[in-house]
Amino acid sequence: MRFSRLASLLTGCAAVALTTAAAAQDAPVIMDPPRNVPAQEAPIAVPAPGGDALRPEELRPPLVVPTEDPVAPPAEPVAPPIPAIWAPVPVDASGQSAYGLYLAGRLASIRGDRAAGSEFLGDAHALAPEQPALGEEAFRSGLFSGDLGEVARLTPTVADTPDLAEAGRLIELVQALRSGNARESLALLNLRPFTEPFSAAARYLTPVVAGAAGDWDTALKAVDTAPTDPAGLILHQQRAGLLESRRRFAEADAEYKILAAKPGGAMLYALDYAEFLERQNRRDEALAVYEAALTGGNPNSEALLGRARVIGRGRAPAEPTTLERAADALEFAALQTSLGQAWELSAIYLRMADSLHPSDAISLQLGQALASGRQPLLARDAFERVSQTDPITYARAQVSLAGVLDSQGDADGALEALRRADAAAANQAAFAYALAAHLGGMGRHDEALAVLNRPTINVAGQPAQFRFLRGTVLENLNRIDEAEAELWAALQAQPNDPTILNYLGYMWVDSGRRVAEGAEMLARAHAAEPQNGNIQDSLGWAQFRQGQYEIAVQTLEEAVGKQPGNAEIVDHLGDAYWQVGRRREAEWQWNRVLTLDPDAPRRTEVEQKLVRGLPEPTPLPGGGQP
């Protein structure tokens, strides 16, 4: 299954939001031009559209609002109270008490180590099985940490919580399929219709579960979905595979052709079709599909392997197994779920997929879902499980791992992960870019420049983002003429890019090289992104440098409102206040700068301004006075 480009192909508003978010993530972002280099690009898009993540506490049934006559709630079974004094105290073989294990589990979960939390809570419940609340908490923790065996054991304890009970039934279904008991799996599927949020996953699992259980009427039922319904993609793909398993090859071929005609179908499932063609000994057709998948700047590593296999007359890949097909269905459900940022639910599906058919691709997606769901320890574990079998997948996992480490303040650990990614996929410029951006962010500009100047990267026709990053690095090395040339080249490639306009325009204004042109570029950047406080700060500073102090005050006040914690913007506002005679407000802003963790040069400069006031502005080239 090839899901790397699925999210951008799903139709509707969610797909638009995803594409926008992915583009924003990939673009270089300059927080404080021109002194900061752009934030590290993430070449691996992780879906991040709007919507709130589904949290464990939200898996409870909604409250019922009484209308006219209050109705007494149904009596709930009363859990035996935890005694004030245990007689005897329930302890495990090592002497740990049930209550101590419970507290350890809660603390581990709070700290983000849900794997340890699940283990402690499960052990506590084993010592005090009469406590349903403890069983429910252990169930939730196991659900998100991936201890599916423990979740299956605890499923009876959550029977009175509908959504948790449904999650438990789905996991029991998957566990039964994994153990080879397809009939039990189908019985659980048919017990009653699954409710949201699990109904889509159950729908995608139905054909493969039915086929494994011998119910071929259900398994091969014709797909009936709207043309724009993304569910049709996975359902057509499943039907094509199942038809092949029944040796109905002509019908399977027709199903793949239906897929190819659907939006995104050819891109997503072309390689599945190519492998089918190989098995049919239609090698020339398979080779054409593989070569088509290798066009563009981001070649598919599976297509590379397939092409080499066909050319080398290698053995065709085997048909996917039942467990592989079921894992495909759960991966698809996970990616659809991620469109609504329900990262934890996405992780649950991926845990189930991993239990059926472990793969590096699933581990990568699982790590991304966990990282997006703010589970860094579990995410790191998933990323670190990705092997080097496929260099591209391994490199992507290392880049994602670097993002987690960097977010935890481990810049050195992130750098090592990025070096591993770059070494594993040395011919892929995207990973070199990520490494160079991180080196620049650490202030290691000479090393960043060495990466960007590799003969395989610094070539004619290189992407604008590479020239842009090289320009920022050169500017930080005070090689201004070279920096200007690179930034200008980047701007010619993307003349309306607000980030490039902002950086080059600010550099021209702040250095006094081309103040009028720089100010015009900053005005264009601000018009393109009026809510960007950093760009508005650049515009305000251009107004300040041109002596338009009253206008600069208004512009910079609005910028501070958008970025109140940005030391440079606050510093600029203080300077503008000083120039219009609002000296006390200027000093208040400068004092604020010192509370915002400024870099050492800015701290020294602001401390001097608090003692001596603002020096007279530097005259602009050509004799003009700002």
# chains A, B, ... in the order shown; residues from 1 in each chain; ligands from 1
>>> residues_around(residues="A:Phe466", least_positions_apart="2", cutoff="9 Å", atoms="only C-alpha atoms", output="PyMOL selection string")
chain A and resi 433+452+457-458+462-464+468-471+490
>>> write_last_selection(atoms="C-alpha atoms", output="PDB file, in the first residue's frame")
ATOM      1  CA  TYR A 433      18.335  20.656   2.982  1.00  0.00           C
ATOM      2  CA  LEU A 452      24.447  23.517   0.438  1.00  0.00           C
ATOM      3  CA  ILE A 457      22.951  20.326  -4.737  1.00  0.00           C
ATOM      4  CA  ASN A 458      24.389  23.635  -5.949  1.00  0.00           C
ATOM      5  CA  GLN A 462      17.991  24.103  -8.038  1.00  0.00           C
ATOM      6  CA  PRO A 463      14.815  24.931  -6.100  1.00  0.00           C
ATOM      7  CA  ALA A 464      14.396  28.482  -4.869  1.00  0.00           C
ATOM      8  CA  PHE A 468      17.116  31.177  -0.188  1.00  0.00           C
ATOM      9  CA  LEU A 469      18.670  29.103   2.594  1.00  0.00           C
ATOM     10  CA  ARG A 470      22.149  29.590   1.114  1.00  0.00           C
ATOM     11  CA  GLY A 471      21.500  33.335   1.063  1.00  0.00           C
ATOM     12  CA  ALA A 490      15.556  32.882  -5.231  1.00  0.00           C
TER      13      ALA A 490
END
>>> residues_around(residues="A:Gly505", least_positions_apart="3", cutoff="6 Å", atoms="only C-alpha atoms", output="PDB file with C-alpha atoms, in the first residue's frame")
ATOM      1  CA  LEU A 501      10.499  39.343  -0.110  1.00  0.00           C
ATOM      2  CA  ASN A 502      10.641  39.851   3.643  1.00  0.00           C
ATOM      3  CA  TRP A 508      18.344  45.992   2.102  1.00  0.00           C
ATOM      4  CA  GLY A 518      13.516  47.069   0.223  1.00  0.00           C
ATOM      5  CA  MET A 521       9.286  44.608  -1.200  1.00  0.00           C
ATOM      6  CA  LEU A 522       8.271  44.607   2.468  1.00  0.00           C
TER       7      LEU A 522
END
>>> closest_residue(among="A:Val91, A:Ala270, A:Leu491, A:Ala326", to="A:Val289", atoms="only C-alpha atoms")
A:Ala270
>>> residues_around(residues="A:Asp597", least_positions_apart="4", cutoff="10 Å", atoms="only C-alpha atoms", output="number ranges by chain")
A: 565-567, 592-593, 602-603
>>> residues_around(residues="A:Ile311", least_positions_apart="5", cutoff="12 Å", atoms="only C-alpha atoms", output="PDB file with N, CA and C atoms, in the first residue's frame")
ATOM      1  N   GLU A 278       3.123  -7.830 -12.977  1.00  0.00           N
ATOM      2  CA  GLU A 278       4.271  -8.736 -12.904  1.00  0.00           C
ATOM      3  C   GLU A 278       3.812 -10.175 -12.668  1.00  0.00           C
ATOM      4  N   ARG A 283       5.279  -8.058 -18.116  1.00  0.00           N
ATOM      5  CA  ARG A 283       6.417  -7.296 -17.604  1.00  0.00           C
ATOM      6  C   ARG A 283       6.582  -5.942 -18.296  1.00  0.00           C
ATOM      7  N   ASP A 284       6.362  -5.894 -19.593  1.00  0.00           N
ATOM      8  CA  ASP A 284       6.523  -4.621 -20.296  1.00  0.00           C
ATOM      9  C   ASP A 284       5.538  -3.579 -19.764  1.00  0.00           C
ATOM     10  N   ALA A 286       4.197  -3.615 -16.755  1.00  0.00           N
ATOM     11  CA  ALA A 286       4.618  -3.282 -15.391  1.00  0.00           C
ATOM     12  C   ALA A 286       5.768  -2.290 -15.408  1.00  0.00           C
ATOM     13  N   LEU A 287       6.740  -2.503 -16.319  1.00  0.00           N
ATOM     14  CA  LEU A 287       7.878  -1.596 -16.406  1.00  0.00           C
ATOM     15  C   LEU A 287       7.432  -0.178 -16.744  1.00  0.00           C
ATOM     16  N   ALA A 288       6.468  -0.051 -17.648  1.00  0.00           N
ATOM     17  CA  ALA A 288       5.960   1.282 -18.010  1.00  0.00           C
ATOM     18  C   ALA A 288       5.341   1.977 -16.800  1.00  0.00           C
ATOM     19  N   TYR A 290       6.129   1.423 -13.584  1.00  0.00           N
ATOM     20  CA  TYR A 290       7.203   1.795 -12.666  1.00  0.00           C
ATOM     21  C   TYR A 290       7.935   3.040 -13.151  1.00  0.00           C
ATOM     22  N   GLU A 291       8.231   3.095 -14.436  1.00  0.00           N
ATOM     23  CA  GLU A 291       8.974   4.251 -14.953  1.00  0.00           C
ATOM     24  C   GLU A 291       8.147   5.526 -14.871  1.00  0.00           C
ATOM     25  N   LEU A 304      11.560   2.206  -7.774  1.00  0.00           N
ATOM     26  CA  LEU A 304      12.937   1.901  -8.154  1.00  0.00           C
ATOM     27  C   LEU A 304      13.220   0.408  -8.035  1.00  0.00           C
ATOM     28  N   LEU A 305      12.771  -0.182  -6.919  1.00  0.00           N
ATOM     29  CA  LEU A 305      12.978  -1.617  -6.719  1.00  0.00           C
ATOM     30  C   LEU A 305      12.214  -2.426  -7.759  1.00  0.00           C
ATOM     31  N   GLY A 306      10.964  -2.023  -8.030  1.00  0.00           N
ATOM     32  CA  GLY A 306      10.166  -2.736  -9.015  1.00  0.00           C
ATOM     33  C   GLY A 306      10.777  -2.678 -10.401  1.00  0.00           C
ATOM     34  N   ALA A 316       8.459 -12.135  -9.507  1.00  0.00           N
ATOM     35  CA  ALA A 316       7.385 -11.186  -9.200  1.00  0.00           C
ATOM     36  C   ALA A 316       7.039 -11.261  -7.717  1.00  0.00           C
TER      37      ALA A 316
END
>>> atom_distance(atom1="atom CA of A:Leu191", atom2="atom CA of A:Gly168")
13.3 Å
>>> residues_around(residues="A:Leu415", least_positions_apart="5", cutoff="12 Å", atoms="only C-alpha atoms", output="list in words")
Gln40, Gln398, Val399, Ser400, Leu401, Ala402, Gly403, Val404, Leu405, Asp406, Gly409, Asp410, Arg420, Ala421, Asp422, Phe431, Ala432, Ala434, Leu435, Ala436, Ala437, His438, Leu439, Gly440, Gly441, Met442, Arg444, Glu447 and Ala448 of chain A
>>> select_by_dssp(residues="stretch 287-457 of chain A", states="alpha helix (DSSP H)", output="ChimeraX atom specification")
/A:287-293,301-311,322-338,343-356,360-372,376-384,391-407,411-424,429-441,445-452
>>> closest_residue(among="A:Leu259, A:Ala219, A:Ala176, A:Ala414", to="A:Leu323", atoms="only C-alpha atoms")
A:Ala176
>>> residues_around(residues="A:Pro564", least_positions_apart="4", cutoff="10 Å", atoms="only C-alpha atoms", output="list of chain:residue names")
A:Gly533, A:Glu557, A:Glu558, A:Ala559, A:Val560, A:Ile569, A:Val570, A:Arg592, A:Leu596
>>> closest_residue(among="A:Gln237, A:Thr322, A:Asn496, A:Gln388", to="A:Leu356", atoms="only C-alpha atoms")
A:Thr322
>>> atom_distance(atom1="atom CA of A:Arg153", atom2="atom CA of A:Asn181")
17.2 Å
>>> atom_distance(atom1="atom CA of A:Phe383", atom2="atom CA of A:Ser359")
11.7 Å
